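Q: Would you mind keeping the following structure in view while I ask a few things?
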Amino acid sequence: MQFIKGFLPWVAFAGLSAFGWQWASLGALVVSALVLVKGLIDGYKADALVLEYSNTLFFALWTVLAFADTNSPAEHLDGPVSMAWLAATAWGSIVFGRPFTTGLAKRDVPPEMWNDPGFIRTNLILTRVWATAFSISILTLGLVVVADLNVAFRVFFQATGLIVPAIFTVQYPKRVQARMNDAMVQGVRA
């Protein structure tokens with residue numbers, strides 16, 4: 001469940017939004033920088049900190065924008081824009097052959113498993129699920145903005161775009177491991 005740390009800045013952003021988007025942006029920037037620095041201190045390599053680097057860059061840019069023009073219309077686009085950023089991060093990590101979940105998974109998996117085709121495939125699937133969820137969230141949150149729906153819709157779609165892939169990320173590797181164990185048992189019996 002290492003991936004949860006990477007989403008703490010987004011939780012901070014949502015929680016601080018009642019104080020204004022400038023302060024929510026700055027607070028999220030501070031949280032993202034702290035999470036990144038903690039990862040670096042703990043000795044994690046860049047591939048395990050893709051989300052942390054991406055978050056810090058996003059919130060640095062968003063904070064500059066928020067304070068540069070406090071009445072910017074961008075304030076009302078933070079949902080679709082943030083999901084677009086996360087989607088670009090996830091899809092980009094796939095395009096560059098380094099699915100962002102792989103570095104996170106390496107924190108919990110012994111090094112001898114890192115080149116296993118099953119490990120590589122599982123992380124590619126997990127990253128695709130995240131990228132797809134973020135992409136769908138861009139559309140749903142865009143509709144919320146265009147249709148000027150109330151905040152409940154925004155919260156629902158944003159939470160769904162994070163919770164569904166998080167559940168999948170926890171459950172899918174367990175299913176893969178169970179299938180592998182079953183195959184090993186079948187192989188021993190044969």
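Identifiers in this document derive from the order of the structure tokens: chains are assigned A, B, ..., residues are numbered from 1 separately in each chain, and ligands are numbered from 1 in order of occurrence.
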Considering only C-alpha atoms, give me a table of residues in segment 100-132 of chain A that are at most 12 Å from segment 42-47 of chain A, with the closest atom pair and distance in Å for each, as CSV.
A:
```
residue,atom,partner,partner_atom,distance
A:Phe100,CA,A:Asp47,CA,6.9
A:Thr101,CA,A:Asp47,CA,8.8
A:Thr102,CA,A:Asp47,CA,7.6
A:Gly103,CA,A:Asp47,CA,4.8
A:Leu104,CA,A:Asp47,CA,7.8
A:Ala105,CA,A:Asp47,CA,10.2
A:Lys106,CA,A:Asp47,CA,9.2
A:Arg107,CA,A:Tyr44,CA,8.1
A:Asp108,CA,A:Tyr44,CA,11.8
```
Q: Can you spit out the residues from that selection as a PDB file, in the first residue's frame, using N, CA, C and O atoms?
A:
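Output (out_35.pdb):
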```
ATOM      1  N   PHE A 100       4.685   3.451 -13.426  1.00  0.00           N
ATOM      2  CA  PHE A 100       4.970   4.047 -12.114  1.00  0.00           C
ATOM      3  C   PHE A 100       4.712   3.103 -10.948  1.00  0.00           C
ATOM      4  O   PHE A 100       5.330   3.243  -9.896  1.00  0.00           O
ATOM      5  N   THR A 101       3.845   2.121 -11.109  1.00  0.00           N
ATOM      6  CA  THR A 101       3.590   1.192 -10.002  1.00  0.00           C
ATOM      7  C   THR A 101       4.761   0.234  -9.773  1.00  0.00           C
ATOM      8  O   THR A 101       4.895  -0.308  -8.679  1.00  0.00           O
ATOM      9  N   THR A 102       5.605   0.054 -10.780  1.00  0.00           N
ATOM     10  CA  THR A 102       6.729  -0.872 -10.650  1.00  0.00           C
ATOM     11  C   THR A 102       7.687  -0.425  -9.551  1.00  0.00           C
ATOM     12  O   THR A 102       8.082  -1.221  -8.698  1.00  0.00           O
ATOM     13  N   GLY A 103       8.046   0.842  -9.570  1.00  0.00           N
ATOM     14  CA  GLY A 103       8.955   1.355  -8.545  1.00  0.00           C
ATOM     15  C   GLY A 103       8.362   1.245  -7.150  1.00  0.00           C
ATOM     16  O   GLY A 103       9.063   0.935  -6.187  1.00  0.00           O
ATOM     17  N   LEU A 104       7.059   1.469  -7.055  1.00  0.00           N
ATOM     18  CA  LEU A 104       6.386   1.335  -5.764  1.00  0.00           C
ATOM     19  C   LEU A 104       6.379  -0.121  -5.306  1.00  0.00           C
ATOM     20  O   LEU A 104       6.628  -0.420  -4.142  1.00  0.00           O
ATOM     21  N   ALA A 105       6.089  -1.025  -6.233  1.00  0.00           N
ATOM     22  CA  ALA A 105       6.035  -2.451  -5.898  1.00  0.00           C
ATOM     23  C   ALA A 105       7.406  -2.978  -5.487  1.00  0.00           C
ATOM     24  O   ALA A 105       7.503  -3.883  -4.646  1.00  0.00           O
ATOM     25  N   LYS A 106       8.454  -2.416  -6.069  1.00  0.00           N
ATOM     26  CA  LYS A 106       9.807  -2.861  -5.724  1.00  0.00           C
ATOM     27  C   LYS A 106      10.122  -2.624  -4.252  1.00  0.00           C
ATOM     28  O   LYS A 106      11.014  -3.274  -3.698  1.00  0.00           O
ATOM     29  N   ARG A 107       9.404  -1.713  -3.635  1.00  0.00           N
ATOM     30  CA  ARG A 107       9.627  -1.456  -2.209  1.00  0.00           C
ATOM     31  C   ARG A 107       9.230  -2.674  -1.363  1.00  0.00           C
ATOM     32  O   ARG A 107       9.755  -2.860  -0.263  1.00  0.00           O
ATOM     33  N   ASP A 108       8.285  -3.463  -1.875  1.00  0.00           N
ATOM     34  CA  ASP A 108       7.732  -4.576  -1.100  1.00  0.00           C
ATOM     35  C   ASP A 108       8.100  -5.953  -1.633  1.00  0.00           C
ATOM     36  O   ASP A 108       7.722  -6.959  -1.055  1.00  0.00           O
TER      37      ASP A 108
END
```
Q: Determine which residues of segment 19-119 of chain A DSSP labels as helix (DSSP H, G or I) from the backbone of this structure, then write them out as JSON, numbers by chain.
A: {"A": [19, 21, 22, 23, 24, 25, 26, 27, 28, 29, 30, 31, 32, 33, 34, 35, 36, 37, 38, 39, 40, 41, 46, 47, 48, 50, 51, 52, 53, 54, 55, 56, 57, 58, 59, 60, 61, 62, 63, 64, 65, 66, 67, 68, 73, 74, 75, 76, 77, 78, 79, 80, 81, 82, 83, 84, 85, 86, 87, 88, 89, 90, 91, 92, 93, 94, 95, 100, 101, 102, 103, 104, 105, 106, 111, 112, 113, 117, 118, 119]}
Q: Tell me, as JSON, numbers by chain, which residues lie within 9 Å of segment 18-35 of chain A, counting only C-alpha atoms; anything in the same chain fewer than 3 positions away does not count.
A: {"A": [5, 6, 7, 8, 9, 10, 11, 12, 13, 14, 15, 38, 39, 40, 52, 53, 55, 56, 57, 58, 59, 60, 62, 63, 64, 65, 66, 67, 70, 75, 78]}
Q: What separation in Å, quoted to one decimal, exists between atom CA of Leu77 of chain A and atom CA of Thr89 of chain A?
A: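 Value for the atom CA of Leu77 of chain A-atom CA of Thr89 of chain A distance: 18.2 Å.
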Q: Find, counting only C-alpha atoms, the residue in A:Leu149, A:Pro111, A:Met83, A:Val95 that gets nearest to Ala133 of chain A.
A: A:Met83
Q: Distance atom CA of Leu51 of chain A-atom CA of Arg179 of chain A, one decimal place?
A: 29.2 Å
Q: At what distance in Å, to one decimal, does atom CA of Leu126 of chain A lie from atom CA of Tyr172 of chain A?
A: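 The value is 8.0 Å.
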Q: Measuring between only C-alpha atoms, which one of A:Leu49, A:Asp69, A:Pro80, A:Thr122 shows the shortest distance to Arg175 of chain A?
A: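 Distance minimum relative to Arg175 of chain A lands on A:Thr122.
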Q: Quick one: of A:Arg121, A:Arg98, A:His76, A:Arg128, who's nearest to Ser17 of chain A, counting only C-alpha atoms?
A: A:His76
Q: For Thr132 of chain A, which residue among A:Ala183, A:Val50, A:Ala178, A:Leu162 is the nearest when counting only C-alpha atoms?
A: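 Counting only C-alpha atoms, the residue closest to Thr132 of chain A is A:Leu162.
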Q: So, counting only C-alpha atoms, which residue among A:Ser137, A:Gln186, A:Asn181, A:Ser54 is closest to Gly161 of chain A?
A: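 So, comparing all the options, the nearest one is A:Ser137.
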